[in-house]
$ cat structure27.cif   # mmCIF, C-alpha atoms
data_run
loop_
_atom_site.group_PDB
_atom_site.id
_atom_site.type_symbol
_atom_site.label_atom_id
_atom_site.label_comp_id
_atom_site.auth_asym_id
_atom_site.auth_seq_id
_atom_site.Cartn_x
_atom_site.Cartn_y
_atom_site.Cartn_z
ATOM 1 C CA MET A 1 -234.824 96.854 1.682
ATOM 2 C CA GLY A 2 -233.709 100.331 0.581
ATOM 3 C CA CYS A 3 -230.550 100.084 2.685
ATOM 4 C CA CYS A 4 -229.696 96.699 1.168
ATOM 5 C CA CYS A 5 -230.095 98.116 -2.353
ATOM 6 C CA CYS A 6 -227.860 101.075 -1.500
ATOM 7 C CA LEU A 7 -225.246 98.768 -0.008
ATOM 8 C CA CYS A 8 -225.338 96.466 -3.035
ATOM 9 C CA SER A 9 -225.018 99.444 -5.366
ATOM 10 C CA LEU A 10 -222.068 100.754 -3.372
ATOM 11 C CA LEU A 11 -220.345 97.378 -3.464
ATOM 12 C CA LEU A 12 -220.883 97.169 -7.225
ATOM 13 C CA LEU A 13 -219.408 100.643 -7.696
ATOM 14 C CA VAL A 14 -216.386 99.796 -5.541
ATOM 15 C CA SER A 15 -215.914 96.493 -7.406
ATOM 16 C CA ALA A 16 -216.149 98.269 -10.752
ATOM 17 C CA PHE A 17 -213.642 100.899 -9.576
ATOM 18 C CA LEU A 18 -211.184 98.242 -8.387
ATOM 19 C CA GLY A 19 -211.694 96.377 -11.648
ATOM 20 C CA LEU A 20 -210.800 99.471 -13.665
ATOM 21 C CA LEU A 21 -207.683 99.972 -11.562
ATOM 22 C CA CYS A 22 -206.516 96.527 -12.637
ATOM 23 C CA VAL A 23 -206.422 97.622 -16.277
ATOM 24 C CA PRO A 24 -202.783 98.651 -16.916
ATOM 25 C CA GLN A 25 -203.760 101.474 -19.292
ATOM 26 C CA VAL A 26 -206.127 102.964 -16.693
ATOM 27 C CA GLN A 27 -203.507 102.792 -13.948
ATOM 28 C CA GLN A 28 -200.916 104.335 -16.274
ATOM 29 C CA GLN A 29 -203.219 107.275 -17.056
ATOM 30 C CA MET A 30 -203.933 107.728 -13.355
ATOM 31 C CA ASN A 31 -200.187 107.798 -12.627
ATOM 32 C CA ARG A 32 -199.694 110.330 -15.388
ATOM 33 C CA LEU A 33 -202.350 112.487 -13.728
ATOM 34 C CA ARG A 34 -200.579 112.058 -10.384
ATOM 35 C CA TYR A 35 -197.247 113.220 -11.777
ATOM 36 C CA GLN A 36 -198.915 116.132 -13.583
ATOM 37 C CA ASN A 37 -200.365 117.226 -10.228
ATOM 38 C CA ILE A 38 -197.295 116.441 -8.145
ATOM 39 C CA GLU A 39 -197.157 120.057 -6.903
ATOM 40 C CA ASN A 40 -200.697 119.711 -5.546
ATOM 41 C CA ALA A 41 -199.986 117.660 -2.421
ATOM 42 C CA PRO A 42 -203.605 116.671 -1.539
ATOM 43 C CA VAL A 43 -204.416 115.518 -5.087
ATOM 44 C CA ALA A 44 -201.086 113.732 -5.536
ATOM 45 C CA THR A 45 -201.460 111.997 -2.164
ATOM 46 C CA VAL A 46 -204.961 110.725 -2.949
ATOM 47 C CA LEU A 47 -203.835 109.437 -6.361
ATOM 48 C CA TYR A 48 -200.789 107.814 -4.749
ATOM 49 C CA ILE A 49 -203.018 105.962 -2.270
ATOM 50 C CA VAL A 50 -205.300 104.873 -5.119
ATOM 51 C CA ASP A 51 -202.231 103.630 -7.000
ATOM 52 C CA LEU A 52 -201.152 101.571 -3.988
ATOM 53 C CA VAL A 53 -204.640 100.069 -3.768
ATOM 54 C CA SER A 54 -204.400 99.224 -7.466
ATOM 55 C CA ASN A 55 -201.023 97.528 -6.992
ATOM 56 C CA THR A 56 -202.340 95.609 -3.991
ATOM 57 C CA VAL A 57 -205.361 94.357 -5.933
ATOM 58 C CA GLN A 58 -203.322 93.401 -8.996
ATOM 59 C CA CYS A 59 -200.783 91.509 -6.884
ATOM 60 C CA SER A 60 -203.380 89.737 -4.701
ATOM 61 C CA PRO A 61 -203.056 86.415 -6.629
ATOM 62 C CA LYS A 62 -199.420 86.334 -5.464
ATOM 63 C CA LEU A 63 -200.653 85.886 -1.893
ATOM 64 C CA LEU A 64 -201.308 82.269 -2.826
ATOM 65 C CA GLU A 65 -197.544 81.900 -3.326
ATOM 66 C CA GLY A 66 -196.650 83.651 -0.066
ATOM 67 C CA ASN A 67 -196.224 87.101 1.467
ATOM 68 C CA ILE A 68 -192.733 87.585 -0.001
ATOM 69 C CA GLU A 69 -193.980 87.041 -3.555
ATOM 70 C CA TRP A 70 -196.847 89.472 -2.967
ATOM 71 C CA LEU A 71 -194.565 92.145 -1.509
ATOM 72 C CA THR A 72 -192.072 91.702 -4.355
ATOM 73 C CA CYS A 73 -194.889 92.167 -6.865
ATOM 74 C CA VAL A 74 -196.048 95.412 -5.210
ATOM 75 C CA LYS A 75 -192.503 96.800 -4.924
ATOM 76 C CA ASN A 76 -191.787 96.049 -8.588
ATOM 77 C CA LYS A 77 -194.933 97.856 -9.667
ATOM 78 C CA VAL A 78 -194.003 100.915 -7.598
ATOM 79 C CA ALA A 79 -190.467 100.916 -9.001
ATOM 80 C CA LEU A 80 -191.799 100.710 -12.582
ATOM 81 C CA SER A 81 -194.411 103.458 -12.262
ATOM 82 C CA GLY A 82 -191.879 106.118 -13.273
ATOM 83 C CA PRO A 83 -190.568 104.391 -16.418
ATOM 84 C CA GLU A 84 -194.086 103.631 -17.630
ATOM 85 C CA VAL A 85 -195.242 107.247 -17.354
ATOM 86 C CA LEU A 86 -192.108 109.408 -17.475
ATOM 87 C CA GLY A 87 -189.855 107.239 -19.600
ATOM 88 C CA TRP A 88 -187.242 107.134 -16.850
ATOM 89 C CA GLU A 89 -185.101 104.143 -15.947
ATOM 90 C CA ALA A 90 -186.540 101.500 -13.623
ATOM 91 C CA GLY A 91 -186.526 102.537 -9.977
ATOM 92 C CA ALA A 92 -186.733 106.303 -10.603
ATOM 93 C CA VAL A 93 -189.951 108.144 -9.705
ATOM 94 C CA MET A 94 -191.140 111.594 -8.623
ATOM 95 C CA GLY A 95 -192.018 112.174 -4.993
ATOM 96 C CA ARG A 96 -191.573 114.516 -2.051
ATOM 97 C CA ASN A 97 -188.543 114.670 0.198
ATOM 98 C CA PHE A 98 -188.617 115.183 3.971
ATOM 99 C CA LYS A 99 -188.927 118.952 3.490
ATOM 100 C CA GLY A 100 -192.041 118.485 1.366
ATOM 101 C CA GLU A 101 -190.194 119.518 -1.802
ATOM 102 C CA VAL A 102 -190.898 117.760 -5.096
ATOM 103 C CA ALA A 103 -187.842 115.775 -6.121
ATOM 104 C CA PRO A 104 -186.847 112.625 -8.040
ATOM 105 C CA TRP A 105 -186.577 109.435 -6.018
ATOM 106 C CA VAL A 106 -184.298 106.555 -6.965
ATOM 107 C CA TYR A 107 -184.864 103.068 -5.569
ATOM 108 C CA SER A 108 -181.488 101.330 -5.258
ATOM 109 C CA HIS A 109 -179.579 99.591 -2.489
ATOM 110 C CA ALA A 110 -176.594 101.931 -2.852
ATOM 111 C CA ALA A 111 -178.818 105.016 -2.642
ATOM 112 C CA TYR A 112 -180.630 103.581 0.374
ATOM 113 C CA ARG A 113 -177.381 102.967 2.241
ATOM 114 C CA THR A 114 -176.133 106.479 1.403
ATOM 115 C CA ILE A 115 -179.231 107.956 3.012
ATOM 116 C CA VAL A 116 -179.630 105.753 6.070
ATOM 117 C CA TYR A 117 -175.933 105.916 6.993
ATOM 118 C CA ASP A 118 -175.573 109.645 6.355
ATOM 119 C CA PRO A 119 -173.501 111.062 9.282
ATOM 120 C CA SER A 120 -175.041 114.500 8.802
ATOM 121 C CA ALA A 121 -178.423 112.929 9.519
ATOM 122 C CA ARG A 122 -176.987 111.318 12.685
ATOM 123 C CA ARG A 123 -177.226 107.905 11.055
ATOM 124 C CA THR A 124 -174.608 105.203 11.589
ATOM 125 C CA PRO A 125 -174.554 101.425 11.046
ATOM 126 C CA HIS A 126 -175.522 101.164 14.737
ATOM 127 C CA HIS A 127 -178.889 102.825 14.254
ATOM 128 C CA LEU A 128 -182.406 101.445 14.109
ATOM 129 C CA SER A 129 -184.738 104.256 13.086
ATOM 130 C CA GLN A 130 -183.235 107.275 14.926
ATOM 131 C CA CYS A 131 -181.956 105.190 17.846
ATOM 132 C CA ASN A 132 -178.310 104.230 18.337
ATOM 133 C CA THR A 133 -178.928 100.902 20.058
ATOM 134 C CA SER A 134 -175.281 99.822 20.292
ATOM 135 C CA SER A 135 -175.042 100.533 24.034
ATOM 136 C CA THR A 136 -177.728 97.885 24.625
ATOM 137 C CA TRP A 137 -176.090 95.135 22.539
ATOM 138 C CA PRO A 138 -174.421 92.103 24.101
ATOM 139 C CA GLN A 139 -170.799 92.917 24.901
ATOM 140 C CA GLY A 140 -168.629 92.045 21.904
ATOM 141 C CA LEU A 141 -171.366 92.268 19.251
ATOM 142 C CA ASP A 142 -169.991 94.345 16.380
ATOM 143 C CA ALA A 143 -173.051 94.889 14.166
ATOM 144 C CA LEU A 144 -176.709 94.037 13.718
ATOM 145 C CA LEU A 145 -177.827 91.996 10.736
ATOM 146 C CA VAL A 146 -180.189 94.761 9.643
ATOM 147 C CA ASN A 147 -177.280 97.212 9.348
ATOM 148 C CA MET A 148 -174.906 94.943 7.411
ATOM 149 C CA HIS A 149 -174.381 94.830 3.664
ATOM 150 C CA THR A 150 -176.833 92.483 1.960
ATOM 151 C CA GLY A 151 -174.724 89.603 0.710
ATOM 152 C CA ASP A 152 -171.842 90.208 3.131
ATOM 153 C CA PRO A 153 -170.338 86.763 3.908
ATOM 154 C CA ASP A 154 -170.727 87.278 7.662
ATOM 155 C CA TRP A 155 -174.316 88.504 7.169
ATOM 156 C CA ALA A 156 -175.090 85.374 5.145
ATOM 157 C CA ALA A 157 -173.391 83.058 7.662
ATOM 158 C CA ARG A 158 -175.276 84.519 10.628
ATOM 159 C CA ARG A 159 -178.623 84.350 8.849
ATOM 160 C CA LYS A 160 -178.004 80.750 7.777
ATOM 161 C CA LEU A 161 -177.065 79.750 11.329
ATOM 162 C CA PHE A 162 -180.255 81.286 12.722
ATOM 163 C CA PHE A 163 -182.443 79.610 10.129
ATOM 164 C CA ASP A 164 -180.744 76.218 10.310
ATOM 165 C CA ALA A 165 -180.501 76.096 14.108
ATOM 166 C CA LEU A 166 -184.078 77.152 14.898
ATOM 167 C CA PRO A 167 -186.593 74.484 13.759
ATOM 168 C CA ALA A 168 -189.428 77.032 13.946
ATOM 169 C CA LEU A 169 -187.867 78.911 11.015
ATOM 170 C CA HIS A 170 -187.477 75.932 8.708
ATOM 171 C CA LEU A 171 -189.158 76.558 5.379
ATOM 172 C CA ASP A 172 -190.790 73.123 5.300
ATOM 173 C CA GLY A 173 -193.393 74.443 7.722
ATOM 174 C CA SER A 174 -192.623 71.844 10.376
ATOM 175 C CA GLY A 175 -192.427 74.545 13.039
ATOM 176 C CA HIS A 176 -195.736 76.154 12.155
ATOM 177 C CA GLY A 177 -199.252 75.570 13.413
ATOM 178 C CA MET A 178 -198.544 75.887 17.127
ATOM 179 C CA ASP A 179 -201.362 77.205 19.278
ATOM 180 C CA ALA A 180 -200.832 80.486 21.120
ATOM 181 C CA VAL A 181 -199.547 80.177 24.678
ATOM 182 C CA VAL A 182 -201.917 81.980 27.052
ATOM 183 C CA PRO A 183 -200.260 82.796 30.394
ATOM 184 C CA LYS A 184 -202.177 82.588 33.656
ATOM 185 C CA GLY A 185 -204.421 85.555 34.281
ATOM 186 C CA VAL A 186 -204.916 86.487 30.622
ATOM 187 C CA ARG A 187 -208.562 86.425 29.505
ATOM 188 C CA PRO A 188 -210.158 86.737 26.037
ATOM 189 C CA ARG A 189 -211.431 90.229 26.878
ATOM 190 C CA ASP A 190 -207.931 91.530 27.707
ATOM 191 C CA GLY A 191 -207.180 92.611 24.134
ATOM 192 C CA LYS A 192 -207.044 96.286 25.136
ATOM 193 C CA SER A 193 -204.277 95.656 27.657
ATOM 194 C CA LYS A 194 -200.826 96.128 26.122
ATOM 195 C CA ARG A 195 -199.257 94.169 28.959
ATOM 196 C CA LYS A 196 -201.588 91.183 28.510
ATOM 197 C CA VAL A 197 -201.099 91.179 24.732
ATOM 198 C CA ASN A 198 -197.328 91.357 25.205
ATOM 199 C CA ASP A 199 -197.511 88.457 27.650
ATOM 200 C CA VAL A 200 -199.237 86.260 25.068
ATOM 201 C CA VAL A 201 -196.778 87.298 22.368
ATOM 202 C CA GLY A 202 -193.753 86.722 24.601
ATOM 203 C CA ALA A 203 -194.865 83.357 25.964
ATOM 204 C CA THR A 204 -195.824 82.118 22.507
ATOM 205 C CA LEU A 205 -192.699 83.443 20.813
ATOM 206 C CA PHE A 206 -190.228 81.791 23.175
ATOM 207 C CA ARG A 207 -192.164 78.520 23.131
ATOM 208 C CA PHE A 208 -192.266 78.658 19.323
ATOM 209 C CA LEU A 209 -188.600 79.525 18.773
ATOM 210 C CA PHE A 210 -186.838 77.825 21.683
ATOM 211 C CA ASP A 211 -189.455 75.534 23.259
ATOM 212 C CA ILE A 212 -189.047 77.131 26.695
ATOM 213 C CA ASP A 213 -191.439 78.570 29.290
ATOM 214 C CA VAL A 214 -190.835 82.262 30.085
ATOM 215 C CA GLU A 215 -193.954 82.985 32.139
ATOM 216 C CA ALA A 216 -191.792 83.916 35.149
ATOM 217 C CA GLU A 217 -189.922 86.469 33.006
ATOM 218 C CA LEU A 218 -192.900 88.144 31.317
ATOM 219 C CA ALA A 219 -193.060 91.117 33.707
ATOM 220 C CA GLU A 220 -189.355 91.828 33.240
ATOM 221 C CA MET A 221 -189.671 91.392 29.457
ATOM 222 C CA PHE A 222 -192.454 93.977 29.421
ATOM 223 C CA TRP A 223 -190.252 96.390 31.380
ATOM 224 C CA TYR A 224 -187.397 95.699 28.923
ATOM 225 C CA ASP A 225 -189.561 96.651 25.945
ATOM 226 C CA GLU A 226 -190.973 99.743 27.658
ATOM 227 C CA THR A 227 -187.393 100.820 28.400
ATOM 228 C CA ILE A 228 -185.807 100.458 24.957
ATOM 229 C CA GLY A 229 -188.899 101.240 22.861
ATOM 230 C CA PRO A 230 -188.981 105.035 23.408
ATOM 231 C CA CYS A 231 -185.436 105.349 21.988
ATOM 232 C CA ILE A 232 -186.853 104.809 18.496
ATOM 233 C CA VAL A 233 -188.690 108.136 18.817
ATOM 234 C CA THR A 234 -186.679 110.105 21.371
ATOM 235 C CA THR A 235 -183.228 109.031 20.038
ATOM 236 C CA ILE A 236 -182.135 108.730 23.697
ATOM 237 C CA PRO A 237 -180.878 105.218 24.588
ATOM 238 C CA PRO A 238 -181.430 103.812 28.088
ATOM 239 C CA GLY A 239 -179.001 104.824 30.830
ATOM 240 C CA SER A 240 -176.279 102.499 32.123
ATOM 241 C CA ASP A 241 -178.301 101.288 35.121
ATOM 242 C CA LYS A 242 -181.194 100.266 32.879
ATOM 243 C CA VAL A 243 -178.828 98.685 30.341
ATOM 244 C CA SER A 244 -177.354 96.552 33.153
ATOM 245 C CA ARG A 245 -180.822 95.338 34.113
ATOM 246 C CA MET A 246 -181.693 94.621 30.472
ATOM 247 C CA THR A 247 -178.436 92.711 30.026
ATOM 248 C CA LYS A 248 -179.119 90.556 33.099
ATOM 249 C CA LEU A 249 -182.526 89.531 31.747
ATOM 250 C CA ARG A 250 -181.358 88.846 28.211
ATOM 251 C CA ASP A 251 -177.766 87.584 28.545
ATOM 252 C CA GLU A 252 -178.173 85.699 31.816
ATOM 253 C CA VAL A 253 -181.747 84.674 32.653
ATOM 254 C CA LEU A 254 -183.149 84.057 29.164
ATOM 255 C CA PHE A 255 -179.790 82.944 27.768
ATOM 256 C CA ASN A 256 -179.425 80.228 30.430
ATOM 257 C CA LYS A 257 -183.009 79.044 29.884
ATOM 258 C CA VAL A 258 -182.462 78.723 26.137
ATOM 259 C CA LEU A 259 -179.054 77.106 26.634
ATOM 260 C CA ALA A 260 -180.636 74.406 28.817
ATOM 261 C CA SER A 261 -183.175 73.520 26.082
ATOM 262 C CA SER A 262 -182.663 71.066 23.245
ATOM 263 C CA VAL A 263 -182.984 73.920 20.758
ATOM 264 C CA GLY A 264 -180.308 75.906 22.599
ATOM 265 C CA ARG A 265 -177.929 72.968 22.736
ATOM 266 C CA GLY A 266 -178.466 72.293 19.039
ATOM 267 C CA PHE A 267 -177.816 75.967 18.289
ATOM 268 C CA MET A 268 -174.496 75.907 20.150
ATOM 269 C CA GLU A 269 -173.394 72.651 18.500
ATOM 270 C CA LEU A 270 -174.176 73.919 15.007
ATOM 271 C CA ALA A 271 -172.365 77.200 15.664
ATOM 272 C CA GLN A 272 -169.296 75.295 16.880
ATOM 273 C CA GLU A 273 -169.369 73.056 13.784
ATOM 274 C CA ARG A 274 -169.304 76.171 11.616
ATOM 275 C CA GLY A 275 -166.461 77.794 13.534
ATOM 276 C CA MET A 276 -168.671 80.501 15.048
ATOM 277 C CA ASP A 277 -168.941 81.831 18.600
ATOM 278 C CA GLY A 278 -172.150 80.114 19.704
ATOM 279 C CA THR A 279 -172.473 82.139 22.912
ATOM 280 C CA MET A 280 -172.239 85.458 21.056
ATOM 281 C CA LYS A 281 -174.591 84.335 18.290
ATOM 282 C CA LEU A 282 -177.191 83.077 20.776
ATOM 283 C CA LYS A 283 -177.036 86.385 22.656
ATOM 284 C CA GLU A 284 -177.379 88.181 19.325
ATOM 285 C CA ILE A 285 -180.536 86.307 18.331
ATOM 286 C CA LEU A 286 -181.991 86.954 21.794
ATOM 287 C CA TRP A 287 -181.405 90.697 21.336
ATOM 288 C CA ILE A 288 -183.133 90.518 17.938
ATOM 289 C CA VAL A 289 -186.040 88.484 19.299
ATOM 290 C CA LEU A 290 -186.679 90.839 22.219
ATOM 291 C CA PHE A 291 -186.367 94.019 20.161
ATOM 292 C CA ALA A 292 -187.905 93.135 16.806
ATOM 293 C CA ALA A 293 -190.091 90.074 17.400
ATOM 294 C CA TYR A 294 -191.407 90.611 20.930
ATOM 295 C CA GLY A 295 -191.211 94.421 20.926
ATOM 296 C CA GLY A 296 -192.096 94.784 17.253
ATOM 297 C CA ALA A 297 -195.140 92.533 17.483
#
$ encode --input "structure27.cif" --output "C-alpha cells"
Amino acid sequence: MGCCCCLCSLLLLVSAFLGLLCVPQVQQQMNRLRYQNIENAPVATVLYIVDLVSNTVQCSPKLLEGNIEWLTCVKNKVALSGPEVLGWEAGAVMGRNFKGEVAPWVYSHAAYRTIVYDPSARRTPHHLSQCNTSSTWPQGLDALLVNMHTGDPDWAARRKLFFDALPALHLDGSGHGMDAVVPKGVRPRDGKSKRKVNDVVGATLFRFLFDIDVEAELAEMFWYDETIGPCIVTTIPPGSDKVSRMTKLRDEVLFNKVLASSVGRGFMELAQERGMDGTMKLKEILWIVLFAAYGGA
C-alpha cells in the first residue's frame, strides 16, 4: 500500500512538473536561467534536456497530425528560444561548439551547408557523416539526394520519381499496413541477434518497397551493411575488392530482381516518360535503401 502511495505521489509530481513546463512563461524563465548559466556545462545541459522535454510535451498534440508536424513544432520552438529570451533574431541561440566553447549558434540552411561542406573539416558533397561514400556508389552516379541543394530541380525530380514510382511511398496510405516478413529460422526470442533483426528488416523492406523476396540475399545484405557501416565512424571506405562485391549484390543481383517485378517495370517506364535514366535511378534508390533504410534501421 505504501509503495502504491509513493508511486502515485511521484506520478503526480512528475505530471505537475510537466504541466508547469507547458506554461510559456515558466519555460521562458527556465531558458533565461539556462543562458545565464551557459558557462556551467552540467547545469546548462540539464536545463537544455528539460527544455527539450518541455518542447516535446507541448508539441505532443501535433503527433495526431503526423510525425513531420510534430518535428516541425519542436524545431520551431528550439529556433525561437533565443529570440524569446535574448531578443535575438529567430534561429539564433547560445550553445557550445565542438571544442566545448560557448558560442552563438545560427540555424539556417546556408550556415548548415557552410559547415557540413567545409573542406578544412574534410567535408565534401560526397560525405555522409565523416565517410566519403562516393567510391561505393553505382558507376555514373554524380551525387546523393542528401547532399544536394534543397529545391534543386534535379533533387526535386529524383525525389518525385521515387515517390511516384514506389506505391509503398504514396501518401494515401495504400502501401501501409503490411505485416512484417519473418524469414525462415527467425524466432520471437531472437531480438538480441543483430543478424536476425536485420533479416526481418531486409525481407520486410524489399517486400514493402518492391514486392520481391530477398531471403536468398539476406546473408550477403548483412555482410554489405557490416562492410560499409564502419566507414561512418572510421572515415575509411571499403577497399576495391569489397566494393566490387557490394556492387555485384546491389547493381546486379538485387537490381535484376527488382527489374523483373511489376514495381521495377513501372519504375523504369515512369523514368523513361520523364526523360530520366531509369537504370541509374533504380540503382541509386537501391544504394539509398541498403545504406539508409536497411542499414539505418
$ resolve_selection --input "structure27.cif" --expression "the PyMOL selection byres ((chain A and resi 293-295) around 8)" --output "list in words"
Asn198, Val201, Gly202, Leu205, Asp225, Gly229, Ile288, Val289, Leu290, Phe291, Ala292, Gly296 and Ala297 of chain A
$ closest_residue --input "structure27.cif" --among "A:Val181, A:Pro42, A:Asp211, A:Glu269" --to "A:Lys257" --atoms "all atoms listed in the file"
A:Asp211
$ atom_distance --input "structure27.cif" --atom1 "atom CA of A:Gly82" --atom2 "atom CA of A:Met94"
7.2 Å
$ axis_aligned_box --input "structure27.cif" --around "stretch 293-297 of chain A" --padding-each-side "5 Å" --output "AutoDock Vina command-line options"
--center_x -192.6 --center_y 92.4 --center_z 19.1 --size_x 15.0 --size_y 14.7 --size_z 13.7
$ resolve_selection --input "structure27.cif" --expression "the PyMOL selection byres ((chain A and resi 265) around 12)" --output "PyMOL selection string"
chain A and resi 165-166+210-211+255-264+266-272+278-279+282
$ atom_distance --input "structure27.cif" --atom1 "atom CA of A:Ser81" --atom2 "atom CA of A:Arg96"
15.3 Å
$ resolve_selection --input "structure27.cif" --expression "the PyMOL selection byres ((chain A and resi 39) around 10)" --output "PyMOL selection string"
chain A and resi 34-38+40-44+95-96+100-102
$ atom_distance --input "structure27.cif" --atom1 "atom CA of A:Pro183" --atom2 "atom CA of A:Ala203"
7.0 Å
$ residues_around --input "structure27.cif" --residues "A:Gln28" --least-positions-apart "2" --cutoff "8 Å" --atoms "only C-alpha atoms" --output "count of residues only"
9
$ closest_residue --input "structure27.cif" --among "A:Arg159, A:Lys62, A:Lys77, A:Lys184" --to "A:Ile285" --atoms "all atoms listed in the file"
A:Arg159
